[in-house]
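Data file: work08.pdb. Format and content: PDB, C-alpha atoms.
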```pdb
ATOM      1  CA  MET A 211      10.587  -5.960  39.609  1.00  0.00           C
ATOM      2  CA  SER A 212       7.926  -8.579  38.931  1.00  0.00           C
ATOM      3  CA  ASP A 213       8.561 -11.757  36.979  1.00  0.00           C
ATOM      4  CA  GLU A 214       6.933 -10.362  33.836  1.00  0.00           C
ATOM      5  CA  TYR A 215       7.485  -7.250  31.783  1.00  0.00           C
ATOM      6  CA  GLY A 216       5.375  -6.146  28.822  1.00  0.00           C
ATOM      7  CA  VAL A 217       6.114  -3.595  26.134  1.00  0.00           C
ATOM      8  CA  TYR A 218       3.036  -2.418  24.279  1.00  0.00           C
ATOM      9  CA  TYR A 219       2.553  -0.668  20.964  1.00  0.00           C
ATOM     10  CA  ARG A 220       1.314   2.916  20.885  1.00  0.00           C
ATOM     11  CA  PRO A 221      -0.448   3.221  17.505  1.00  0.00           C
ATOM     12  CA  GLU A 222      -1.297   6.881  18.113  1.00  0.00           C
ATOM     13  CA  VAL A 223       2.438   7.707  18.030  1.00  0.00           C
ATOM     14  CA  ALA A 224       2.810   5.853  14.716  1.00  0.00           C
ATOM     15  CA  LEU A 225      -0.168   7.723  13.248  1.00  0.00           C
ATOM     16  CA  GLY A 226       1.285  11.033  14.443  1.00  0.00           C
ATOM     17  CA  ARG A 227       4.583  10.350  12.702  1.00  0.00           C
ATOM     18  CA  LEU A 228       2.729   9.238   9.570  1.00  0.00           C
ATOM     19  CA  LYS A 229       0.689  12.471   9.504  1.00  0.00           C
ATOM     20  CA  ASN A 230       3.867  14.502   9.996  1.00  0.00           C
ATOM     21  CA  ALA A 231       5.631  12.738   7.105  1.00  0.00           C
ATOM     22  CA  ARG A 232       2.588  13.268   4.866  1.00  0.00           C
ATOM     23  CA  SER A 233       2.470  16.978   5.803  1.00  0.00           C
ATOM     24  CA  GLN A 234       6.163  17.395   5.025  1.00  0.00           C
ATOM     25  CA  LEU A 235       5.687  15.856   1.562  1.00  0.00           C
ATOM     26  CA  TYR A 236       2.680  18.060   0.788  1.00  0.00           C
ATOM     27  CA  TRP A 237       4.553  21.136   2.048  1.00  0.00           C
ATOM     28  CA  ARG A 238       7.548  20.286  -0.142  1.00  0.00           C
ATOM     29  CA  LEU A 239       5.373  19.847  -3.235  1.00  0.00           C
ATOM     30  CA  GLY A 240       3.476  23.063  -2.511  1.00  0.00           C
ATOM     31  CA  THR A 241       6.559  25.201  -1.952  1.00  0.00           C
ATOM     32  CA  THR A 242       8.224  23.786  -5.059  1.00  0.00           C
ATOM     33  CA  ALA A 243       5.169  24.594  -7.169  1.00  0.00           C
ATOM     34  CA  PHE A 244       4.912  28.073  -5.633  1.00  0.00           C
ATOM     35  CA  GLY A 245       8.601  28.806  -6.257  1.00  0.00           C
ATOM     36  CA  ALA A 246       8.401  27.648  -9.863  1.00  0.00           C
ATOM     37  CA  ALA A 247       5.245  29.694 -10.412  1.00  0.00           C
ATOM     38  CA  ALA A 248       6.910  32.803  -8.924  1.00  0.00           C
ATOM     39  CA  VAL A 249       9.866  32.482 -11.306  1.00  0.00           C
ATOM     40  CA  ALA A 250       7.526  31.926 -14.266  1.00  0.00           C
ATOM     41  CA  VAL A 251       5.447  34.994 -13.348  1.00  0.00           C
ATOM     42  CA  ALA A 252       8.578  37.132 -12.928  1.00  0.00           C
ATOM     43  CA  TRP A 253       9.850  35.902 -16.282  1.00  0.00           C
ATOM     44  CA  TYR A 254       6.548  36.762 -17.939  1.00  0.00           C
ATOM     45  CA  PHE A 255       6.122  40.252 -16.439  1.00  0.00           C
ATOM     46  CA  TRP A 256       9.782  41.358 -16.357  1.00  0.00           C
ATOM     47  CA  PRO A 257      11.507  39.556 -19.212  1.00  0.00           C
ATOM     48  CA  GLU A 258      14.291  42.163 -19.532  1.00  0.00           C
ATOM     49  CA  GLN A 259      15.353  41.937 -15.884  1.00  0.00           C
ATOM     50  CA  VAL A 260      14.879  38.181 -15.421  1.00  0.00           C
ATOM     51  CA  GLY A 261      15.258  37.070 -19.031  1.00  0.00           C
ATOM     52  CA  ALA A 262      18.388  34.982 -19.459  1.00  0.00           C
ATOM     53  CA  TRP A 263      18.493  33.702 -15.870  1.00  0.00           C
ATOM     54  CA  ALA A 264      14.869  32.600 -15.590  1.00  0.00           C
ATOM     55  CA  PRO A 265      15.302  29.102 -17.062  1.00  0.00           C
ATOM     56  CA  TYR A 266      18.199  28.397 -14.691  1.00  0.00           C
ATOM     57  CA  TYR A 267      16.194  29.603 -11.676  1.00  0.00           C
ATOM     58  CA  LEU A 268      13.186  27.596 -12.798  1.00  0.00           C
ATOM     59  CA  TRP A 269      15.016  24.323 -13.468  1.00  0.00           C
ATOM     60  CA  THR A 270      17.205  24.630 -10.375  1.00  0.00           C
ATOM     61  CA  SER A 271      14.236  25.228  -8.078  1.00  0.00           C
ATOM     62  CA  LEU A 272      12.354  22.327  -9.682  1.00  0.00           C
ATOM     63  CA  ALA A 273      15.347  19.989  -9.440  1.00  0.00           C
ATOM     64  CA  VAL A 274      15.971  20.821  -5.787  1.00  0.00           C
ATOM     65  CA  GLY A 275      12.267  20.489  -5.005  1.00  0.00           C
ATOM     66  CA  VAL A 276      12.025  17.118  -6.722  1.00  0.00           C
ATOM     67  CA  ALA A 277      15.170  15.820  -4.993  1.00  0.00           C
ATOM     68  CA  PHE A 278      13.961  16.809  -1.542  1.00  0.00           C
ATOM     69  CA  GLY A 279      10.458  15.629  -2.458  1.00  0.00           C
ATOM     70  CA  ALA A 280      11.909  12.190  -3.195  1.00  0.00           C
ATOM     71  CA  VAL A 281      13.495  12.157   0.276  1.00  0.00           C
ATOM     72  CA  ASN A 282      10.145  13.155   1.794  1.00  0.00           C
ATOM     73  CA  LEU A 283       8.420  10.392  -0.179  1.00  0.00           C
ATOM     74  CA  VAL A 284      10.874   7.794   1.160  1.00  0.00           C
ATOM     75  CA  GLN A 285      10.244   9.079   4.694  1.00  0.00           C
ATOM     76  CA  LEU A 286       6.495   8.776   4.163  1.00  0.00           C
ATOM     77  CA  LEU A 287       6.741   5.236   2.797  1.00  0.00           C
ATOM     78  CA  ARG A 288       8.943   4.103   5.690  1.00  0.00           C
ATOM     79  CA  ALA A 289       6.621   5.697   8.245  1.00  0.00           C
ATOM     80  CA  GLN A 290       3.663   3.919   6.580  1.00  0.00           C
ATOM     81  CA  ALA A 291       5.430   0.570   6.758  1.00  0.00           C
ATOM     82  CA  ASP A 292       6.203   1.029  10.458  1.00  0.00           C
ATOM     83  CA  ALA A 293       2.684   2.258  11.221  1.00  0.00           C
ATOM     84  CA  LYS A 294       1.264  -0.971   9.756  1.00  0.00           C
ATOM     85  CA  LEU A 295       3.317  -2.950  12.296  1.00  0.00           C
ATOM     86  CA  ALA A 296       2.286  -0.878  15.309  1.00  0.00           C
ATOM     87  CA  HIS A 297      -1.118  -2.407  15.949  1.00  0.00           C
ATOM     88  CA  PRO A 298      -2.597  -2.239  19.478  1.00  0.00           C
ATOM     89  CA  GLY A 299      -1.282  -4.947  21.778  1.00  0.00           C
ATOM     90  CA  LEU A 300       1.868  -6.556  23.070  1.00  0.00           C
ATOM     91  CA  ALA A 301       5.082  -5.895  21.159  1.00  0.00           C
ATOM     92  CA  VAL A 302       7.587  -7.559  23.510  1.00  0.00           C
ATOM     93  CA  GLY A 303       6.850  -9.781  26.465  1.00  0.00           C
ATOM     94  CA  LEU A 304       9.501 -10.903  28.948  1.00  0.00           C
ATOM     95  CA  ASN A 305       9.415 -13.402  31.792  1.00  0.00           C
ATOM     96  CA  ARG A 306      11.845 -15.729  33.563  1.00  0.00           C
ATOM     97  CA  ASP A 307      11.485 -18.370  30.799  1.00  0.00           C
ATOM     98  CA  GLY A 308      12.160 -16.220  27.739  1.00  0.00           C
ATOM     99  CA  MET A 309      10.955 -13.414  25.527  1.00  0.00           C
ATOM    100  CA  LEU A 310       8.109 -12.948  23.081  1.00  0.00           C
ATOM    101  CA  VAL A 311       9.081 -10.565  20.278  1.00  0.00           C
ATOM    102  CA  ASN A 312       6.386  -9.731  17.755  1.00  0.00           C
ATOM    103  CA  GLN A 313       4.551 -13.001  18.490  1.00  0.00           C
ATOM    104  CA  ARG A 314       7.709 -15.161  18.261  1.00  0.00           C
ATOM    105  CA  TRP A 315       8.682 -16.994  21.441  1.00  0.00           C
ATOM    106  CA  LEU A 316      12.373 -17.335  22.274  1.00  0.00           C
ATOM    107  CA  PRO A 317      13.416 -19.180  25.450  1.00  0.00           C
ATOM    108  CA  TRP A 318      16.480 -17.529  27.019  1.00  0.00           C
ATOM    109  CA  PRO A 319      18.895 -20.314  25.969  1.00  0.00           C
ATOM    110  CA  GLU A 320      17.741 -19.828  22.358  1.00  0.00           C
ATOM    111  CA  VAL A 321      18.315 -16.048  22.266  1.00  0.00           C
ATOM    112  CA  GLY A 322      21.351 -15.312  20.128  1.00  0.00           C
ATOM    113  CA  SER A 323      21.321 -11.504  20.254  1.00  0.00           C
ATOM    114  CA  VAL A 324      19.037  -8.569  20.911  1.00  0.00           C
ATOM    115  CA  VAL A 325      20.097  -5.369  19.147  1.00  0.00           C
ATOM    116  CA  ILE A 326      18.587  -1.932  18.695  1.00  0.00           C
ATOM    117  CA  LYS A 327      19.149  -0.543  15.226  1.00  0.00           C
ATOM    118  CA  PRO A 328      18.582   3.211  14.874  1.00  0.00           C
ATOM    119  CA  GLY A 329      16.006   4.370  12.379  1.00  0.00           C
ATOM    120  CA  ALA A 330      16.832   6.442   9.341  1.00  0.00           C
ATOM    121  CA  LEU A 331      14.858   8.401   6.745  1.00  0.00           C
ATOM    122  CA  GLY A 332      11.581   8.250   8.620  1.00  0.00           C
ATOM    123  CA  ALA A 333      11.842   4.685   9.899  1.00  0.00           C
ATOM    124  CA  SER A 334      11.587   3.822  13.563  1.00  0.00           C
ATOM    125  CA  SER A 335      14.422   2.423  15.624  1.00  0.00           C
ATOM    126  CA  SER A 336      14.060  -1.351  15.638  1.00  0.00           C
ATOM    127  CA  LEU A 337      14.527  -3.972  18.303  1.00  0.00           C
ATOM    128  CA  ILE A 338      15.913  -6.984  16.448  1.00  0.00           C
ATOM    129  CA  ALA A 339      15.964 -10.335  18.217  1.00  0.00           C
ATOM    130  CA  THR A 340      17.977 -13.128  16.617  1.00  0.00           C
ATOM    131  CA  GLY A 341      17.636 -16.722  17.745  1.00  0.00           C
ATOM    132  CA  ARG A 342      20.415 -19.278  17.799  1.00  0.00           C
ATOM    133  CA  ASP A 343      18.870 -20.621  14.573  1.00  0.00           C
ATOM    134  CA  ARG A 344      19.689 -17.188  13.013  1.00  0.00           C
ATOM    135  CA  ALA A 345      16.008 -16.370  12.432  1.00  0.00           C
ATOM    136  CA  THR A 346      15.244 -12.741  13.258  1.00  0.00           C
ATOM    137  CA  THR A 347      12.180 -10.835  14.290  1.00  0.00           C
ATOM    138  CA  SER A 348      11.855  -7.124  14.870  1.00  0.00           C
ATOM    139  CA  VAL A 349       9.687  -4.505  16.530  1.00  0.00           C
ATOM    140  CA  PRO A 350       9.520  -0.776  15.670  1.00  0.00           C
ATOM    141  CA  LEU A 351      10.673   0.468  19.066  1.00  0.00           C
ATOM    142  CA  ASP A 352       9.767   4.143  18.633  1.00  0.00           C
ATOM    143  CA  TYR A 353       6.088   3.176  18.653  1.00  0.00           C
ATOM    144  CA  THR A 354       6.169   1.365  21.978  1.00  0.00           C
ATOM    145  CA  ASP A 355       5.789   2.482  25.573  1.00  0.00           C
ATOM    146  CA  THR A 356       9.352   1.812  26.702  1.00  0.00           C
ATOM    147  CA  MET A 357      12.823   3.264  26.425  1.00  0.00           C
ATOM    148  CA  PRO A 358      15.801   1.183  25.206  1.00  0.00           C
ATOM    149  CA  ALA A 359      17.705   1.288  28.511  1.00  0.00           C
ATOM    150  CA  THR A 360      14.602   0.234  30.451  1.00  0.00           C
ATOM    151  CA  LEU A 361      14.122  -2.704  28.129  1.00  0.00           C
ATOM    152  CA  ASP A 362      17.794  -3.649  28.508  1.00  0.00           C
ATOM    153  CA  THR A 363      17.460  -3.662  32.282  1.00  0.00           C
ATOM    154  CA  ALA A 364      14.356  -5.853  32.132  1.00  0.00           C
ATOM    155  CA  VAL A 365      16.032  -8.310  29.755  1.00  0.00           C
ATOM    156  CA  ARG A 366      19.139  -8.550  31.945  1.00  0.00           C
ATOM    157  CA  VAL A 367      17.129  -9.113  35.127  1.00  0.00           C
ATOM    158  CA  LEU A 368      14.581 -11.572  33.749  1.00  0.00           C
ATOM    159  CA  SER A 369      17.177 -13.588  31.822  1.00  0.00           C
ATOM    160  CA  SER A 370      19.436 -13.724  34.897  1.00  0.00           C
ATOM    161  CA  GLY A 371      22.201 -12.081  32.859  1.00  0.00           C
ATOM    162  CA  ARG A 372      22.041 -14.582  29.965  1.00  0.00           C
ATOM    163  CA  ALA A 373      20.846 -11.933  27.491  1.00  0.00           C
ATOM    164  CA  TRP A 374      20.986  -8.161  27.122  1.00  0.00           C
ATOM    165  CA  VAL A 375      20.043  -5.499  24.611  1.00  0.00           C
ATOM    166  CA  ASP A 376      22.978  -4.216  22.581  1.00  0.00           C
ATOM    167  CA  LEU A 377      22.607  -0.433  22.676  1.00  0.00           C
ATOM    168  CA  SER A 378      25.966   0.340  21.036  1.00  0.00           C
ATOM    169  CA  ARG A 379      24.460   1.369  17.702  1.00  0.00           C
ATOM    170  CA  LEU A 380      22.612   4.198  19.415  1.00  0.00           C
ATOM    171  CA  ASP A 381      25.887   5.942  20.348  1.00  0.00           C
TER     172      ASP A 381
END
```
Target encoding structure tokens, full file:
Amino acid sequence: MSDEYGVYYRPEVALGRLKNARSQLYWRLGTTAFGAAAVAVAWYFWPEQVGAWAPYYLWTSLAVGVAFGAVNLVQLLRAQADAKLAHPGLAVGLNRDGMLVNQRWLPWPEVGSVVIKPGALGASSSLIATGRDRATTSVPLDYTDTMPATLDTAVRVLSSGRAWVDLSRLD
């Protein structure tokens, strides 16, 4: 291994996830509208057969659609926030002197902890580096060109065992 290791952002991955989240929201809204329209049409054309149950079908399908649509909206907003962070360039830089995380330099003696927090509801997993001064900086790890275990190995080697990446939250 050389004396430097770089982790770079992959903005195309962030844009792909953003497009997927947007598609899921549009699909949810479309299927909810279609389902509600189908119940309304059935109610209009066959009032005797559908009659008393139509309002319950209509409101239930709308309520479920809106609830899941809200989840899809949260996923879209979180994917947008992460995509804004994943600009082309260096995300994490490591050498024998320390680590650069999202443009913040931490010499190895100043590194308090390095943790990977799993993503949820559309957000990326995050690499969170905390200095001894308790200041934190993070990187959306899903949009980079490395895997967590590879990064842990590089941190352990280049810090001479003084720091490591806590992967326990990924279990």
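Using only C-alpha atoms, the protein and nucleic acid residues lying no more than 9 Å from Leu331 in chain A, apart from those fewer than 3 places from it along its own chain, are Val281, Asn282, Val284, Gln285, Leu286, Arg288, Ala289 and Ser334 of chain A.
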Store the residues picked out above in a file with C-alpha atoms, as a PDB file, keeping the file's coordinate frame.
```
ATOM      1  CA  VAL A 281      13.495  12.157   0.276  1.00  0.00           C
ATOM      2  CA  ASN A 282      10.145  13.155   1.794  1.00  0.00           C
ATOM      3  CA  VAL A 284      10.874   7.794   1.160  1.00  0.00           C
ATOM      4  CA  GLN A 285      10.244   9.079   4.694  1.00  0.00           C
ATOM      5  CA  LEU A 286       6.495   8.776   4.163  1.00  0.00           C
ATOM      6  CA  ARG A 288       8.943   4.103   5.690  1.00  0.00           C
ATOM      7  CA  ALA A 289       6.621   5.697   8.245  1.00  0.00           C
ATOM      8  CA  SER A 334      11.587   3.822  13.563  1.00  0.00           C
TER       9      SER A 334
END
```
Could you tell me which of A:Val349, A:Arg342, A:Pro358, A:Gly216 comes closest to Lys294 in chain A if we count only C-alpha atoms?
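Of all the options, A:Val349 lies closest to Lys294 in chain A.
Residues within 8 Å of Leu304 in chain A, counting only C-alpha atoms and excluding same-chain residues fewer than 5 positions away, are Glu214, Tyr215, Gly216, Met309, Leu310, Ala364, Val365 and Leu368 of chain A.
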Calculate how many Å separate CA of Gly279 in chain A from CA of Gly226 in chain A, rounding to one decimal.
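Those two atoms sit 19.8 Å apart.
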Using only C-alpha atoms, which residue out of A:Asp307, A:Asp355, A:Asp292, A:Asp376 lies closest to Leu225 in chain A?
A:Asp292
In Å to one decimal, how far is CA of Thr347 in chain A from CA of Val302 in chain A?
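Rounded to one decimal, the two atoms are 10.8 Å apart.
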Using all atoms listed in the file, find the one residue out of A:Trp318, A:Tyr219, A:Phe278, A:Tyr353 that sits nearest to Thr241 in chain A.
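Ranking A:Trp318, A:Tyr219, A:Phe278, A:Tyr353 by distance to Thr241 in chain A, first place goes to A:Phe278.
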Using only C-alpha atoms, which of A:Arg232, A:Arg306, A:Arg227, A:His297 sits nearest Ser369 in chain A?
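Of all the options, A:Arg306 lies closest to Ser369 in chain A.
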Please write the residues picked by the PyMOL selection byres ((chain A and resi 346) around 10) on this file as a PyMOL selection string.
chain A and resi 311+314+322-324+338-345+347-348
Provide the CA of Asp352 in chain A to CA of Ser336 in chain A distance in Å, to one decimal place.
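Calculated distance between CA of Asp352 in chain A and CA of Ser336 in chain A is 7.6 Å.
Across the chains present, the PyMOL selection byres ((chain A and resi 299) around 10) applied to this file returns Gly216, Val217, Tyr218, Tyr219, Arg220, Pro221, Ala296, His297, Pro298, Leu300, Ala301, Val302, Asn312 and Thr354 of chain A.
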Just want the 8 Å neighbourhood of Ala250 in chain A, counted on only C-alpha atoms, with same-chain residues fewer than 3 positions away dropped. Output as a PyMOL selection string.
chain A and resi 246-247+253-254+264+268
Nearest to Ser335 in chain A among A:Val367, A:Ala373, A:Asn305, A:Arg379, with distances taken over only C-alpha atoms: which residue is it?
A:Arg379
Padded axis-aligned box of range 304-314 of chain A (4 Å per side), centre and edge lengths, Å, one decimal, as JSON:
```
{"center_x": 8.4, "center_y": -14.1, "center_z": 25.7, "size_x": 15.6, "size_y": 16.6, "size_z": 23.8}
```
Please determine, counting all atoms listed in the file, which residue among A:Pro257, A:Leu351, A:Gly275, A:Gly371 has the shortest atom-to-atom distance to Trp237 in chain A.
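Ranking A:Pro257, A:Leu351, A:Gly275, A:Gly371 by distance to Trp237 in chain A, first place goes to A:Gly275.
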Report as a ChimeraX atom specification all protein, DNA and RNA residues lying within 6 Å of Asp362 in chain A, evaluated on all atoms listed in the file, omitting residues in the same chain fewer than 3 positions from it.
/A:359,365,374-375
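For Pro265 in chain A, the list of residues within 10 Å, based on only C-alpha atoms and with local chain neighbours fewer than 4 positions off taken out, reads Val249, Ala250, Trp253, Val260, Gly261, Trp269, Thr270 and Ser271 of chain A.
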